[in-house]
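Q: Quick one: the structure is below, and I'll ask about it shortly.
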Amino acid sequence: MAVREITDVASLQEYCKEHGLSVRVDQQEAYEPRVLAPYHWKWSEIEPAVLASAKFVRLAANFEDRGGTVRRLTTLANPRNSKARAPLTLHVQCVLPGEQALSHRHSAGATRFVIKGSPVAYTTVNGELFPLEDGDFITTPHLNFHGHKNDADDYVLWLDGLDMSFAGIGARYGEEWPDAVEPLNYDRINRSAKTLGSHLRLSSYPGITHPSGPNVKHDGAKHPPGFRFAWERTLAAFAAMRANEDEPDTFDCYHLTYTDPLTGGPTFPTTANEMTLLTPGFNGRDHRHNSTVLYYAFRGRGTMIVESERFEWSRGDFIELPAWTTHRHENPSGEDAFLYSFTDWPAQKALGQFYYEEF
């Protein structure tokens, strides 16, 4: 077949367009780091949407029920970054009294931080029930079946954080629970905490089977089980740091990472979930890093200065801190303040793209 003659730049561009190619014909614009804008959500503005969703959005009874939703979510979407999104997001999930959300699994790992819980509300991970109490943190590693059940007399709320941006780099997998509603085995409440507390070894956890069947092999980090970090354990860790007279960090005061219970590494290979304690009167130093952080004000109040913009936050507020934005923390109040955070520094480090600068 004869190839059409290319006689100039215009015909070169047309040829490339017809054949799925592209060609650079002029000098590329000077490259500047893409830095997104921060944003501050007040809980007083979020709560009406969350409560309205509880009233008007119905959970699906099964996966064929298109009139309902598998998850009742209110999602943070930064209005300042309409043309570009940060690689992370958080959702506020609500489950009403007596409801059970359908069980499924997917490529993305998911985490839950409970902001309004109950000892008789649960998330299930591969059949194990984890209580959802205020301040608890629960992991659902990728491709683990999971669902939710609320046996309490009031609604429960938690923050869903998924590493969807990184799970979607390759093919995405997912599977619905065969009978939609997963049977609950109350004898398995908190089983992993008891087992891991007895020094579970890697070989004693069987991992998971791929949705396409056992013939699909896995080459990478071990699949950890789901795990629950009760709020009292987090408080105890901070208390121990103070009792040991550990020197507060000049940037984040006291800072903890919820780690992989099998390896001691970050929460997931792609993302980390963390808790920051800002003591009364703390004034942190300016710094920036090439990782995105989503903050939730769990307790207390404080100030975050981002690129000279002051965000005065209080309990229930959210702040999106884009990568490579200069920021610092302050606690001008007379009480401890706790900031929960969801960040992608593990992925940036794995890619060799984690940079930071201190001022």
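Identifiers in the structure tokens: chain A, B, ... in order shown; residue index from 1 per chain; ligand index from 1 in order shown.
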Could you go through segment 11-191 of chain A and tell me which residues DSSP, when run on the backbone, assigns to strand (DSSP E or B), listing them as an MDAnalysis selection string?
A: chainID A and resid 39:41 59 69 73:75 90:95 100:106 110:116 118:125 128:132 137:140 146:150 156:162 174:176
Q: I'd like the neighbourhood of Ala337 of chain A as a PyMOL selection string, where a residue qualifies if any of its atoms comes within 8 Å (using only C-alpha atoms), though same-chain residues fewer than 4 positions away should be ignored.
A: chain A and resi 277-280+297-302+331
Q: Please save N, CA and C atoms of the selected residues as a compact mmCIF listing (two decimals), in the first residue's frame.
A:
```
# COMPACT_ATOMS: atom_id res chain seq x y z
N LEU A 277 -0.73 14.73 67.12
CA LEU A 277 -1.12 15.40 68.36
C LEU A 277 -0.38 16.73 68.44
N LEU A 278 -1.14 17.82 68.45
CA LEU A 278 -0.57 19.15 68.63
C LEU A 278 -0.86 19.59 70.06
N THR A 279 0.18 19.76 70.85
CA THR A 279 0.00 20.14 72.25
C THR A 279 -0.30 21.63 72.36
N PRO A 280 -0.89 22.07 73.49
CA PRO A 280 -1.23 23.49 73.65
C PRO A 280 -0.02 24.40 73.45
N ALA A 297 -9.98 16.98 61.37
CA ALA A 297 -9.82 17.45 62.75
C ALA A 297 -10.69 16.58 63.67
N PHE A 298 -10.03 15.64 64.35
CA PHE A 298 -10.79 14.71 65.18
C PHE A 298 -11.16 15.33 66.53
N ARG A 299 -10.22 16.03 67.13
CA ARG A 299 -10.50 16.67 68.42
C ARG A 299 -9.73 17.98 68.52
N GLY A 300 -10.29 18.93 69.26
CA GLY A 300 -9.61 20.19 69.50
C GLY A 300 -9.77 21.16 68.34
N ARG A 301 -8.91 22.16 68.35
CA ARG A 301 -8.92 23.18 67.29
C ARG A 301 -7.49 23.70 67.11
N GLY A 302 -7.26 24.31 65.97
CA GLY A 302 -5.93 24.80 65.68
C GLY A 302 -5.91 25.61 64.40
N ASN A 331 -1.19 25.34 67.40
CA ASN A 331 -2.27 25.08 68.34
C ASN A 331 -2.28 26.20 69.37
```
Q: Show me, as CSV, the residues of segment 16-114 of chain A having an atom within 7 Å of segment 131-141 of chain A, each with the closest atom pair and its distance in Å, using only C-alpha atoms.
A:
```
residue,atom,partner,partner_atom,distance
A:Gly109,CA,A:Pro141,CA,4.5
A:Ala110,CA,A:Thr140,CA,5.0
A:Thr111,CA,A:Thr139,CA,4.6
A:Arg112,CA,A:Ile138,CA,5.1
A:Phe113,CA,A:Phe137,CA,4.6
A:Val114,CA,A:Asp134,CA,5.2
```
Q: Which polymer residues have any atom within 12 Å of an atom of Arg4 of chain A, counting only C-alpha atoms, with same-chain residues fewer than 3 positions away left out, as a PyMOL selection string?
A: chain A and resi 1+7+11-12+14-16+18-19
Q: Tell me which of A:Asn78, A:Gln348, A:Asn185, A:Thr257 sits closest to Asn126 of chain A, counting only C-alpha atoms.
A: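 Residue with the minimum atom-to-atom distance to Asn126 of chain A: A:Asn185.
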Q: Excluding same-chain residues fewer than 4 positions from Thr75 of chain A, what lies within 9 Å of it counting only C-alpha atoms, as a list in words?
A: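 Contacts, with the query itself left out: Thr89, Leu90, His91, Val92 and Gln93 of chain A.
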Q: Could you write out the selected residues, including C-alpha atoms, as a PDB file, in the first residue's frame?
A:
```pdb
ATOM      1  CA  THR A  89      -9.883  11.635  48.416  1.00  0.00           C
ATOM      2  CA  LEU A  90     -11.955  10.925  51.502  1.00  0.00           C
ATOM      3  CA  HIS A  91     -15.605   9.942  51.770  1.00  0.00           C
ATOM      4  CA  VAL A  92     -17.919  10.227  54.771  1.00  0.00           C
ATOM      5  CA  GLN A  93     -19.871   6.971  54.923  1.00  0.00           C
TER       6      GLN A  93
END
```
